[in-house]
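Next comes work_6.txt, a file with compact mmCIF, C-alpha atoms.
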```
# COMPACT_ATOMS: atom_id res chain seq x y z
CA MET L 9 -1.83 23.15 -17.56
CA LYS L 10 0.55 20.47 -18.81
CA GLN L 11 0.35 19.73 -22.53
CA GLN L 12 -1.46 16.43 -22.94
CA LYS L 13 1.11 14.73 -25.20
CA THR L 14 3.91 15.58 -22.77
CA TRP L 15 2.27 14.41 -19.56
CA VAL L 16 0.79 11.27 -21.15
CA LYS L 17 4.25 10.24 -22.35
CA ASP L 18 5.69 11.04 -18.92
CA ILE L 19 3.09 9.03 -16.99
CA VAL L 20 3.48 6.06 -19.35
CA LEU L 21 7.22 6.08 -18.64
CA PHE L 22 6.67 6.44 -14.90
CA LEU L 23 4.05 3.69 -14.64
CA SER L 24 6.19 1.41 -16.82
CA SER L 25 9.13 1.85 -14.45
CA GLN L 26 6.92 1.16 -11.45
CA THR L 27 5.51 -1.96 -13.10
CA PHE L 28 9.00 -3.39 -13.60
CA THR L 29 10.19 -2.69 -10.08
CA LEU L 30 6.94 -3.81 -8.45
CA LEU L 31 6.90 -7.11 -10.36
CA GLY L 32 10.47 -7.95 -9.36
CA SER L 33 9.85 -6.97 -5.74
CA SER L 34 6.64 -9.02 -5.56
CA LEU L 35 8.34 -12.12 -6.94
CA VAL L 36 11.09 -11.84 -4.32
CA GLN L 37 8.64 -11.09 -1.49
CA TYR L 38 6.63 -14.25 -2.19
CA ALA L 39 9.76 -16.34 -2.72
CA MET L 40 11.22 -15.18 0.61
CA LEU L 41 7.93 -15.68 2.47
CA TRP L 42 7.47 -19.20 1.19
CA HIS L 43 11.14 -20.05 1.73
CA VAL L 44 10.86 -19.04 5.39
CA THR L 45 7.59 -20.96 5.73
CA LEU L 46 8.82 -24.18 4.09
CA THR L 47 12.30 -24.09 5.66
CA THR L 48 11.34 -23.35 9.27
CA ASP L 49 7.73 -24.60 9.54
CA SER L 50 7.50 -22.12 12.41
CA GLY L 51 4.82 -19.56 13.12
CA SER L 52 7.22 -17.61 15.32
CA MET L 53 9.82 -17.36 12.55
CA LEU L 54 7.13 -16.29 10.10
CA THR L 55 5.97 -13.61 12.54
CA LEU L 56 9.56 -12.39 12.90
CA TYR L 57 9.88 -12.16 9.13
CA ILE L 58 6.68 -10.08 8.91
CA VAL L 59 7.87 -7.77 11.73
CA PHE L 60 11.25 -7.27 10.01
CA GLY L 61 9.33 -6.48 6.83
CA PHE L 62 7.12 -3.68 8.18
CA LEU L 63 8.77 -2.03 11.20
CA PRO L 64 11.57 -0.30 9.23
CA THR L 65 9.00 1.24 6.89
CA PHE L 66 7.00 2.53 9.83
CA PHE L 67 9.97 4.13 11.58
CA LEU L 68 11.58 5.56 8.43
CA THR L 69 8.55 7.19 6.82
CA PRO L 70 8.58 10.36 9.01
CA VAL L 71 12.11 11.06 7.78
CA ALA L 72 11.32 9.83 4.27
CA GLY L 73 8.38 12.22 4.11
CA VAL L 74 10.74 15.10 4.89
CA TRP L 75 13.15 13.84 2.20
CA ALA L 76 10.30 13.73 -0.34
CA ASP L 77 9.67 17.42 0.32
CA ARG L 78 13.35 18.46 0.57
CA TYR L 79 14.85 16.62 -2.39
CA ASN L 80 14.12 15.68 -5.99
CA ARG L 81 11.48 12.94 -5.75
CA LYS L 82 12.54 11.15 -8.93
CA GLN L 83 16.08 10.86 -7.60
CA LEU L 84 14.77 9.46 -4.30
CA ILE L 85 12.83 6.76 -6.16
CA ILE L 86 15.91 5.89 -8.22
CA LEU L 87 18.07 5.83 -5.08
CA SER L 88 15.73 3.47 -3.23
CA ASP L 89 15.40 1.16 -6.26
CA GLY L 90 19.19 1.11 -6.60
CA LEU L 91 19.66 0.38 -2.88
CA ILE L 92 17.24 -2.54 -2.98
CA ALA L 93 18.81 -3.92 -6.18
CA LEU L 94 22.35 -3.70 -4.74
CA VAL L 95 21.42 -5.46 -1.49
CA THR L 96 19.47 -8.10 -3.41
CA LEU L 97 22.47 -8.73 -5.67
CA ILE L 98 24.77 -9.10 -2.65
CA LEU L 99 22.33 -11.51 -1.00
CA ALA L 100 22.08 -13.57 -4.20
CA GLY L 101 25.89 -13.81 -4.27
CA VAL L 102 25.98 -14.97 -0.65
CA PHE L 103 23.36 -17.63 -1.38
CA PHE L 104 25.25 -18.77 -4.49
CA MET L 105 28.32 -19.27 -2.28
CA GLY L 106 26.30 -21.58 -0.05
CA PHE L 107 25.70 -19.30 2.94
CA GLY L 108 21.91 -19.31 2.79
CA SER L 109 21.09 -18.56 6.45
CA ILE L 110 17.44 -17.86 7.17
CA TRP L 111 18.52 -14.79 9.19
CA LEU L 112 19.91 -13.22 6.04
CA LEU L 113 16.36 -13.16 4.69
CA PHE L 114 15.25 -11.24 7.78
CA VAL L 115 17.99 -8.67 7.18
CA MET L 116 16.99 -8.57 3.52
CA ALA L 117 13.33 -8.00 4.46
CA ALA L 118 14.35 -5.10 6.75
CA ILE L 119 16.52 -3.41 4.09
CA ARG L 120 13.81 -3.82 1.45
CA ALA L 121 11.36 -2.27 3.92
CA LEU L 122 13.70 0.71 4.30
CA GLY L 123 13.72 1.13 0.52
CA ALA L 124 9.92 0.95 0.45
CA GLY L 125 9.77 3.53 3.24
CA ILE L 126 11.78 5.95 1.10
CA GLN L 127 9.73 5.26 -2.03
CA MET L 128 6.15 5.40 -0.81
CA PRO L 129 5.93 9.10 0.20
CA ALA L 130 7.94 10.10 -2.88
CA ILE L 131 5.66 8.18 -5.26
CA GLY L 132 2.50 9.57 -3.67
CA ALA L 133 3.87 13.12 -3.89
CA ILE L 134 5.37 12.93 -7.41
CA LEU L 135 2.22 12.03 -9.35
CA PRO L 136 0.70 15.55 -9.14
CA GLN L 137 3.96 16.85 -10.65
CA ILE L 138 3.32 14.69 -13.73
CA VAL L 139 -0.46 14.47 -14.08
CA PRO L 140 -3.00 17.34 -14.38
CA GLU L 141 -5.38 17.52 -11.43
CA GLU L 142 -8.44 16.55 -13.49
CA SER L 143 -6.75 13.28 -14.53
CA LEU L 144 -5.40 12.19 -11.14
CA THR L 145 -8.31 9.89 -10.31
CA ARG L 146 -8.10 8.08 -13.65
CA ILE L 147 -4.31 7.66 -13.47
CA ASN L 148 -4.40 6.48 -9.85
CA GLY L 149 -7.10 4.01 -10.86
CA ILE L 150 -4.94 2.69 -13.70
CA ASN L 151 -2.00 2.41 -11.31
CA SER L 152 -4.19 0.47 -8.89
CA SER L 153 -5.18 -1.92 -11.70
CA ILE L 154 -1.51 -2.50 -12.57
CA GLN L 155 -0.75 -3.26 -8.93
CA SER L 156 -3.70 -5.66 -8.81
CA VAL L 157 -2.52 -7.54 -11.89
CA ILE L 158 0.93 -7.90 -10.35
CA ALA L 159 -0.61 -9.04 -7.04
CA PHE L 160 -2.57 -11.64 -9.02
CA VAL L 161 0.25 -13.07 -11.13
CA SER L 162 3.19 -12.74 -8.71
CA PRO L 163 2.38 -15.70 -6.40
CA ILE L 164 1.67 -17.89 -9.43
CA ILE L 165 4.92 -16.94 -11.20
CA SER L 166 6.95 -17.12 -7.98
CA ALA L 167 5.61 -20.59 -7.16
CA GLY L 168 6.44 -21.76 -10.67
CA LEU L 169 9.96 -20.34 -10.46
CA LEU L 170 10.59 -21.91 -7.05
CA GLY L 171 9.57 -25.25 -8.55
CA VAL L 172 12.34 -25.12 -11.19
CA ALA L 173 15.04 -22.87 -9.70
CA ASP L 174 16.69 -21.94 -6.41
CA ILE L 175 15.68 -18.75 -4.62
CA GLU L 176 18.89 -16.91 -5.53
CA TRP L 177 17.92 -16.93 -9.21
CA ILE L 178 14.67 -15.15 -8.30
CA PHE L 179 16.77 -12.55 -6.48
CA LEU L 180 18.55 -11.87 -9.77
CA ILE L 181 15.21 -11.30 -11.52
CA ASP L 182 14.53 -8.49 -9.05
CA VAL L 183 17.91 -6.95 -9.81
CA VAL L 184 17.22 -7.00 -13.56
CA THR L 185 13.73 -5.47 -13.20
CA ALA L 186 15.13 -2.74 -10.93
CA VAL L 187 17.78 -1.87 -13.52
CA PHE L 188 15.08 -1.60 -16.20
CA ALA L 189 12.97 0.60 -13.89
CA ILE L 190 15.88 2.94 -13.15
CA ALA L 191 16.82 3.14 -16.84
CA ILE L 192 13.27 4.19 -17.74
CA LEU L 193 13.17 6.84 -14.99
CA LEU L 194 16.42 8.34 -16.27
CA PHE L 195 14.58 9.25 -19.51
CA LEU L 196 11.78 10.93 -17.55
CA LYS L 197 12.20 14.67 -17.03
CA ILE L 198 10.48 15.93 -13.88
CA PRO L 199 11.63 19.33 -12.60
CA SER L 200 12.22 19.68 -8.87
CA HIS L 201 9.33 21.12 -6.91
CA LYS L 202 9.85 24.53 -5.29
CA LYS L 203 10.96 23.40 -1.83
CA ALA L 204 13.54 21.00 -3.28
CA ALA L 205 14.98 23.80 -5.40
CA ASP L 206 15.30 26.17 -2.41
CA VAL L 207 18.17 26.26 0.07
CA GLN L 208 17.06 24.27 3.13
CA GLN L 209 17.01 26.43 6.27
CA ASN L 210 15.43 24.03 8.77
CA SER L 211 16.65 20.84 10.42
CA TYR L 212 15.00 17.54 9.57
CA PHE L 213 13.18 17.61 12.91
CA ASN L 214 11.85 21.11 12.33
CA ASP L 215 10.72 20.15 8.82
CA PHE L 216 8.92 17.11 10.22
CA MET L 217 7.26 19.18 12.96
CA GLN L 218 6.17 21.72 10.34
CA GLY L 219 4.49 18.85 8.53
CA ILE L 220 2.72 17.78 11.73
CA GLY L 221 1.70 21.39 12.32
CA TYR L 222 0.35 21.58 8.77
CA ILE L 223 -1.89 18.58 9.52
CA GLN L 224 -2.96 19.90 12.93
CA HIS L 225 -4.10 23.21 11.46
CA ARG L 226 -6.28 21.58 8.81
CA ALA L 227 -9.45 20.06 10.17
CA TYR L 228 -10.07 17.87 7.13
CA LEU L 229 -6.65 16.18 7.45
CA LYS L 230 -7.12 15.47 11.17
CA VAL L 231 -10.53 13.90 10.58
CA PHE L 232 -9.31 12.01 7.52
CA PHE L 233 -6.29 10.48 9.27
CA LEU L 234 -8.36 9.58 12.34
CA PHE L 235 -10.89 7.83 10.11
CA VAL L 236 -8.23 5.92 8.15
CA SER L 237 -6.46 4.87 11.38
CA VAL L 238 -9.61 3.44 12.95
CA LEU L 239 -10.70 1.81 9.67
CA PHE L 240 -7.39 0.02 9.15
CA LEU L 241 -7.50 -1.15 12.77
CA LEU L 242 -10.99 -2.58 12.29
CA ILE L 243 -10.26 -4.43 9.03
CA ALA L 244 -7.40 -6.39 10.65
CA PRO L 245 -9.59 -9.47 11.32
CA VAL L 246 -10.88 -9.71 7.75
CA ALA L 247 -7.36 -9.12 6.41
CA PHE L 248 -5.46 -11.58 8.60
CA LEU L 249 -7.87 -13.97 10.33
CA THR L 250 -10.05 -15.15 7.44
CA PRO L 251 -7.50 -17.84 6.36
CA LEU L 252 -7.73 -19.24 9.90
CA GLN L 253 -11.51 -19.01 9.71
CA ILE L 254 -11.47 -20.99 6.47
CA THR L 255 -9.32 -23.79 7.86
CA ARG L 256 -11.51 -24.04 10.95
CA SER L 257 -14.86 -23.89 9.16
CA TYR L 258 -14.35 -25.20 5.60
CA GLY L 259 -11.31 -27.45 5.88
CA GLU L 260 -7.53 -27.26 5.54
CA ASP L 261 -7.41 -27.62 1.76
CA LEU L 262 -4.68 -25.39 0.34
CA TRP L 263 -6.75 -24.66 -2.76
CA ARG L 264 -9.27 -22.81 -0.61
CA LEU L 265 -6.58 -20.45 0.73
CA SER L 266 -5.29 -19.88 -2.80
CA ALA L 267 -8.84 -19.28 -4.01
CA ILE L 268 -9.47 -16.37 -1.64
CA GLU L 269 -6.21 -14.71 -2.75
CA ILE L 270 -7.24 -15.07 -6.38
CA ALA L 271 -10.77 -13.79 -5.65
CA PHE L 272 -9.42 -10.76 -3.79
CA SER L 273 -6.82 -9.93 -6.46
CA THR L 274 -9.42 -10.30 -9.22
CA GLY L 275 -11.74 -7.99 -7.33
CA MET L 276 -8.99 -5.40 -6.94
CA LEU L 277 -8.28 -5.57 -10.66
CA ILE L 278 -11.95 -4.95 -11.43
CA GLY L 279 -12.14 -2.18 -8.83
CA GLY L 280 -9.09 -0.43 -10.26
CA ALA L 281 -10.57 -0.52 -13.75
CA LEU L 282 -13.94 0.64 -12.40
CA ILE L 283 -12.58 3.70 -10.62
CA ALA L 284 -10.36 4.55 -13.61
CA VAL L 285 -13.38 4.58 -15.95
CA TRP L 286 -16.09 5.81 -13.56
CA GLY L 287 -14.03 8.19 -11.45
CA GLY L 288 -16.34 7.85 -8.45
CA PHE L 289 -19.06 10.25 -7.28
CA ASN L 290 -18.54 13.97 -7.77
CA ASN L 291 -17.76 14.16 -4.06
CA LYS L 292 -14.70 12.05 -3.14
CA THR L 293 -15.81 11.83 0.50
CA LYS L 294 -19.01 10.09 -0.62
CA THR L 295 -17.02 7.65 -2.77
CA ILE L 296 -14.73 6.79 0.17
CA SER L 297 -17.75 6.35 2.46
CA PHE L 298 -19.52 4.16 -0.13
CA ALA L 299 -16.47 1.91 -0.51
CA SER L 300 -16.14 1.65 3.28
CA LEU L 301 -19.78 0.59 3.58
CA ALA L 302 -19.22 -2.07 0.92
CA MET L 303 -16.25 -3.43 2.91
CA SER L 304 -18.29 -3.39 6.10
CA PHE L 305 -21.20 -5.35 4.61
CA CYS L 306 -18.79 -7.93 3.17
CA THR L 307 -17.12 -8.27 6.58
CA ILE L 308 -20.46 -8.86 8.29
CA ALA L 309 -21.55 -11.36 5.62
CA LEU L 310 -18.26 -13.29 5.88
CA GLY L 311 -19.06 -13.74 9.57
CA ALA L 312 -22.24 -15.57 8.61
CA LEU L 313 -20.19 -18.44 7.08
CA PRO L 314 -22.05 -18.73 3.75
CA ALA L 315 -21.43 -21.45 1.19
CA PHE L 316 -17.79 -21.34 0.11
CA TRP L 317 -18.55 -20.07 -3.41
CA LEU L 318 -20.46 -17.17 -1.85
CA TYR L 319 -17.57 -16.63 0.57
CA LEU L 320 -15.26 -16.23 -2.45
CA THR L 321 -17.74 -13.83 -4.08
CA LEU L 322 -17.79 -11.66 -0.97
CA PHE L 323 -13.99 -11.61 -0.90
CA GLY L 324 -14.04 -10.53 -4.54
CA ILE L 325 -16.46 -7.68 -3.75
CA PHE L 326 -14.22 -6.64 -0.86
CA GLY L 327 -11.35 -6.55 -3.35
CA VAL L 328 -13.39 -4.33 -5.72
CA ALA L 329 -14.03 -1.90 -2.86
CA MET L 330 -10.34 -1.46 -2.00
CA PRO L 331 -9.29 0.59 -5.10
CA VAL L 332 -12.61 2.45 -4.96
CA PHE L 333 -11.55 3.48 -1.44
CA ASN L 334 -7.80 3.97 -1.99
CA THR L 335 -7.90 5.97 -5.22
CA PRO L 336 -10.13 8.89 -4.14
CA ALA L 337 -8.40 8.91 -0.73
CA THR L 338 -5.02 9.31 -2.45
CA VAL L 339 -6.31 11.87 -4.94
CA LEU L 340 -7.94 13.87 -2.14
CA LEU L 341 -4.50 14.35 -0.56
CA GLN L 342 -2.78 14.98 -3.90
CA GLU L 343 -5.27 17.70 -4.83
CA LYS L 344 -5.69 19.46 -1.48
CA VAL L 345 -2.30 19.34 0.20
CA GLU L 346 0.21 22.02 -0.78
CA GLU L 347 2.97 20.61 -2.97
CA ASN L 348 5.76 21.43 -0.52
CA TYR L 349 4.03 19.37 2.21
CA LEU L 350 2.90 16.40 0.13
CA GLY L 351 5.86 14.18 1.04
CA ARG L 352 5.39 14.66 4.77
CA VAL L 353 1.62 14.14 4.57
CA PHE L 354 2.08 10.95 2.55
CA GLY L 355 4.73 9.92 5.08
CA VAL L 356 2.07 10.07 7.81
CA MET L 357 -0.33 8.17 5.55
CA THR L 358 2.31 5.47 5.03
CA MET L 359 2.88 5.19 8.79
CA ILE L 360 -0.82 4.62 9.30
CA SER L 361 -1.23 2.13 6.44
CA THR L 362 1.77 0.03 7.55
CA SER L 363 1.08 0.00 11.28
CA MET L 364 -2.61 0.00 12.13
CA MET L 365 -3.51 -3.48 10.83
CA PRO L 366 -0.51 -5.15 12.54
CA LEU L 367 -1.43 -3.25 15.73
CA GLY L 368 -4.98 -4.50 15.33
CA MET L 369 -3.68 -8.05 15.23
CA ILE L 370 -2.07 -7.56 18.65
CA VAL L 371 -5.65 -7.31 19.92
CA PHE L 372 -7.62 -9.51 17.53
CA GLY L 373 -5.00 -12.27 17.05
CA PRO L 374 -5.06 -13.57 20.64
CA LEU L 375 -8.84 -13.06 20.76
CA ALA L 376 -9.18 -15.56 17.90
CA ASP L 377 -8.14 -18.31 20.34
CA ILE L 378 -10.77 -17.22 22.86
CA ILE L 379 -13.86 -16.22 20.86
CA GLU L 380 -15.21 -17.16 17.44
CA ILE L 381 -13.72 -15.28 14.49
CA GLU L 382 -17.25 -14.83 13.17
CA TRP L 383 -18.12 -12.70 16.21
CA MET L 384 -15.13 -10.47 15.56
CA LEU L 385 -16.16 -10.05 11.91
CA TRP L 386 -19.68 -9.07 12.95
CA GLY L 387 -18.41 -6.64 15.60
CA THR L 388 -15.82 -4.96 13.40
CA GLY L 389 -18.17 -4.94 10.40
CA ILE L 390 -20.91 -3.14 12.32
CA SER L 391 -18.32 -0.70 13.71
CA ILE L 392 -17.15 0.09 10.17
CA VAL L 393 -20.76 0.82 9.15
CA VAL L 394 -21.02 3.43 11.91
CA LEU L 395 -17.56 4.82 11.06
CA ALA L 396 -18.37 5.10 7.33
CA ILE L 397 -21.66 6.90 7.99
CA LEU L 398 -19.98 9.40 10.33
CA PHE L 399 -17.22 9.98 7.77
CA GLY L 400 -19.69 10.43 4.92
CA ARG L 401 -21.71 12.97 6.91
CA ASN L 402 -18.75 15.06 8.09
CA ARG L 403 -19.34 18.57 6.75
CA THR L 404 -15.66 19.51 6.59
CA LEU L 405 -14.78 16.47 4.50
CA LEU L 406 -17.88 16.87 2.33
CA LYS L 407 -16.82 20.42 1.53
CA VAL L 408 -13.27 19.35 0.66
CA GLY L 409 -14.42 16.29 -1.28
CA SER L 410 -16.72 18.40 -3.48
CA ASP L 411 -13.85 20.75 -4.40
CA GLU L 412 -15.60 23.73 -2.84
CA GLY L 413 -12.64 24.58 -0.65
CA ILE L 414 -10.79 23.67 2.48
CA SER L 415 -11.96 24.38 5.99
```

Please express what this file holds, its structure, as structure tokens.
Amino acid sequence: MKQQKTWVKDIVLFLSSQTFTLLGSSLVQYAMLWHVTLTTDSGSMLTLYIVFGFLPTFFLTPVAGVWADRYNRKQLIILSDGLIALVTLILAGVFFMGFGSIWLLFVMAAIRALGAGIQMPAIGAILPQIVPEESLTRINGINSSIQSVIAFVSPIISAGLLGVADIEWIFLIDVVTAVFAIAILLFLKIPSHKKAADVQQNSYFNDFMQGIGYIQHRAYLKVFFLFVSVLFLLIAPVAFLTPLQITRSYGEDLWRLSAIEIAFSTGMLIGGALIAVWGGFNNKTKTISFASLAMSFCTIALGALPAFWLYLTLFGIFGVAMPVFNTPATVLLQEKVEENYLGRVFGVMTMISTSMMPLGMIVFGPLADIIEIEWMLWGTGISIVVLAILFGRNRTLLKVGSDEGIS
């Protein structure tokens, strides 16, 4: 077991580095999004920007998962941070020279998505190398709270900065925060895991297929990934269509759209703190099922179009449920998956988390112009209730979630 003073110092350094890089990235993401929105006033251009921002992550993560198992994970995180910082610095220079084409932002979004695709499996896999197993839930909860705080303050700070400075200056902020993050990581000593220290005998494709085979031969992983895939597909309407529902049903006031973002971010902050202190039920599967039921009931209630203050409250509760869902789901993988396969398993998880909601919008988006959004919220909410109950009663997952073993 890691000595407490050592791992506490290490995780403080790691989370500090991630806070710096995440803050800078969030500021740039909002600045770019709003710049595209205000400059083009085009839904098609905004859709293109979103596609450029998620497709590279989706396609890269299978390879990035293999990298996270083959190579030193700390070095991969530093490499991706450095890549994003370098490209951001180049883009800032181009904008300073007066060549601020909107298409450059699309290229920038794609390159940043590639960096995120490298980072996400490595970050998910590296935490068990730093933190003792019994503290993983608490540390993941704290990390979720940090992310929630950044999600809360980033749009406010970014809007304020855009009001007093050009977008290229915000790009430079991201470069500075990335340099700080890399500098902190350089002081963090994390030995390479066993597979990274060995001579690699397989091709990338064979390594990836071994990861798929690892998942296929473990019933709990197959059921877990199927559940997460369907869940993320079903929450697409509440994630993407509620702003449209608000403008149609409550009015087009911008403060209402800002209010739901604030309510959701506040809820996530509370949820992160809650799971860090509480830790969830003794069985992680029950905690995940409980959080899913909470999200389903909020989805159904949002379809009833309550008074707007109650609508905000429901969005806040939905936000609370997200870390209560995400943290035990992440810890379940960190605890049960063999260390040499963690990167590839988290690569699959990243593919699911970045693709299923956009895929859901291919179905639900056009439907929003044909049927009432409220009907979709009721239908998906009820479906999530059934899904959560089936998940919570699955014997294989209950056995794994209670730490009794793996089937």

(message) Could you list, as a PyMOL selection string, every residue within 10 Å of Lys82 in chain L, counting all atoms listed in the file and ignoring same-chain residues fewer than 4 positions away?
(response) chain L and resi 22+76+86-87+127+130-131+134+190+193-194+196-200

(request) For range 269-279 of chain L, list every protein, DNA or RNA residue within 7 Å, evaluated using only C-alpha atoms, and leave out those in the same chain fewer than 5 positions away; present the list as a PyMOL selection string. (result) chain L and resi 153+156-157+159-160+320+323-332

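Between Ala124 in chain L and the candidates L:Trp75, L:Tyr349, L:Trp15, L:Phe66, the tightest atom-to-atom separation, counting all atoms listed in the file, involves L:Phe66.
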
(message) Calculated over all atoms listed in the file, which of the candidates L:Cys306, L:Ala244, L:Met217, L:Leu91 has the smallest distance to Ser363 in chain L?
(response) L:Ala244

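Residues in contact with Ser34 in chain L at 8 Å, where only C-alpha atoms are counted and same-chain residues fewer than 3 positions away are skipped, are listed as Leu30, Leu31, Gln37, Tyr38, Ile158, Ala159, Ser162 and Pro163 of chain L.
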
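The closest residue to Asn290 in chain L, picked from L:Thr358, L:Thr145, L:Asn348, L:Gln224 and counting all atoms listed in the file, is L:Thr145.
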
(message) Within 12 Å of (21.4, -13.2, 1.3) in the file's own coordinates, which protein, DNA or RNA residues have an atom, counting only C-alpha atoms? List them as a PyMOL selection string.
(response) chain L and resi 36+40+94-117+119+175-180

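Residue neighbourhood of range 365-374 of chain L, excluding near-sequence residues (fewer than 2 positions): Ile58, Val59, Phe62, Leu63, Ser237, Val238, Leu239, Phe240, Leu241, Leu242, Ile243, Ala244, Pro245, Ala247, Phe248, Leu249, Ile360, Ser361, Thr362, Ser363, Ala376, Asp377, Ile378, Ile379, Ile381 and Met384 of chain L, at 10 Å, using all atoms listed in the file.
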
(request) Find, counting all atoms listed in the file, the residue in L:Leu170, L:Leu318, L:Leu350, L:Ile92 that gets nearest to Gly132 in chain L. (result) L:Leu350

(message) Please determine, counting all atoms listed in the file, which residue among L:Gly387, L:Gly168, L:Gly149, L:Gly125 has the shortest atom-to-atom distance to Thr335 in chain L.
(response) L:Gly149

(request) Find the distance between CA of Phe333 in chain L and CA of Phe235 in chain L and write it in Å to one decimal. (result) 12.4 Å

Got a sec to write range 249-261 of chain L of the block to a file, N, CA, C and O atoms, as a PDB file, in the first residue's frame?
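Written out: result.pdb:
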```pdb
ATOM      1  N   LEU L 249     -31.848  19.306 -25.993  1.00  0.00           N
ATOM      2  CA  LEU L 249     -33.097  19.901 -26.466  1.00  0.00           C
ATOM      3  C   LEU L 249     -33.808  20.768 -25.435  1.00  0.00           C
ATOM      4  O   LEU L 249     -34.752  21.489 -25.777  1.00  0.00           O
ATOM      5  N   THR L 250     -33.380  20.707 -24.176  1.00  0.00           N
ATOM      6  CA  THR L 250     -34.054  21.523 -23.161  1.00  0.00           C
ATOM      7  C   THR L 250     -33.906  23.034 -23.405  1.00  0.00           C
ATOM      8  O   THR L 250     -34.850  23.783 -23.097  1.00  0.00           O
ATOM      9  N   PRO L 251     -32.758  23.544 -23.925  1.00  0.00           N
ATOM     10  CA  PRO L 251     -32.737  24.981 -24.251  1.00  0.00           C
ATOM     11  C   PRO L 251     -33.815  25.360 -25.275  1.00  0.00           C
ATOM     12  O   PRO L 251     -34.445  26.420 -25.162  1.00  0.00           O
ATOM     13  N   LEU L 252     -34.032  24.489 -26.268  1.00  0.00           N
ATOM     14  CA  LEU L 252     -35.084  24.741 -27.253  1.00  0.00           C
ATOM     15  C   LEU L 252     -36.456  24.671 -26.596  1.00  0.00           C
ATOM     16  O   LEU L 252     -37.359  25.473 -26.899  1.00  0.00           O
ATOM     17  N   GLN L 253     -36.616  23.727 -25.672  1.00  0.00           N
ATOM     18  CA  GLN L 253     -37.879  23.622 -24.938  1.00  0.00           C
ATOM     19  C   GLN L 253     -38.150  24.894 -24.140  1.00  0.00           C
ATOM     20  O   GLN L 253     -39.289  25.389 -24.103  1.00  0.00           O
ATOM     21  N   ILE L 254     -37.120  25.449 -23.535  1.00  0.00           N
ATOM     22  CA  ILE L 254     -37.277  26.668 -22.749  1.00  0.00           C
ATOM     23  C   ILE L 254     -37.713  27.842 -23.619  1.00  0.00           C
ATOM     24  O   ILE L 254     -38.636  28.587 -23.271  1.00  0.00           O
ATOM     25  N   THR L 255     -37.054  28.009 -24.765  1.00  0.00           N
ATOM     26  CA  THR L 255     -37.409  29.142 -25.631  1.00  0.00           C
ATOM     27  C   THR L 255     -38.825  28.999 -26.173  1.00  0.00           C
ATOM     28  O   THR L 255     -39.528  29.989 -26.357  1.00  0.00           O
ATOM     29  N   ARG L 256     -39.252  27.764 -26.423  1.00  0.00           N
ATOM     30  CA  ARG L 256     -40.602  27.549 -26.939  1.00  0.00           C
ATOM     31  C   ARG L 256     -41.671  27.733 -25.865  1.00  0.00           C
ATOM     32  O   ARG L 256     -42.771  28.220 -26.151  1.00  0.00           O
ATOM     33  N   SER L 257     -41.345  27.336 -24.637  1.00  0.00           N
ATOM     34  CA  SER L 257     -42.384  27.263 -23.601  1.00  0.00           C
ATOM     35  C   SER L 257     -42.333  28.399 -22.578  1.00  0.00           C
ATOM     36  O   SER L 257     -43.362  28.777 -22.016  1.00  0.00           O
ATOM     37  N   TYR L 258     -41.125  28.936 -22.306  1.00  0.00           N
ATOM     38  CA  TYR L 258     -40.988  29.966 -21.279  1.00  0.00           C
ATOM     39  C   TYR L 258     -40.598  31.331 -21.836  1.00  0.00           C
ATOM     40  O   TYR L 258     -40.702  32.336 -21.142  1.00  0.00           O
ATOM     41  N   GLY L 259     -40.113  31.362 -23.074  1.00  0.00           N
ATOM     42  CA  GLY L 259     -39.686  32.627 -23.655  1.00  0.00           C
ATOM     43  C   GLY L 259     -38.228  32.597 -24.065  1.00  0.00           C
ATOM     44  O   GLY L 259     -37.460  31.707 -23.662  1.00  0.00           O
ATOM     45  N   GLU L 260     -37.832  33.565 -24.893  1.00  0.00           N
ATOM     46  CA  GLU L 260     -36.488  33.581 -25.462  1.00  0.00           C
ATOM     47  C   GLU L 260     -35.511  34.434 -24.666  1.00  0.00           C
ATOM     48  O   GLU L 260     -34.498  34.887 -25.202  1.00  0.00           O
ATOM     49  N   ASP L 261     -35.782  34.653 -23.384  1.00  0.00           N
ATOM     50  CA  ASP L 261     -34.882  35.445 -22.556  1.00  0.00           C
ATOM     51  C   ASP L 261     -33.564  34.699 -22.358  1.00  0.00           C
ATOM     52  O   ASP L 261     -33.537  33.539 -21.926  1.00  0.00           O
TER      53      ASP L 261
END
```
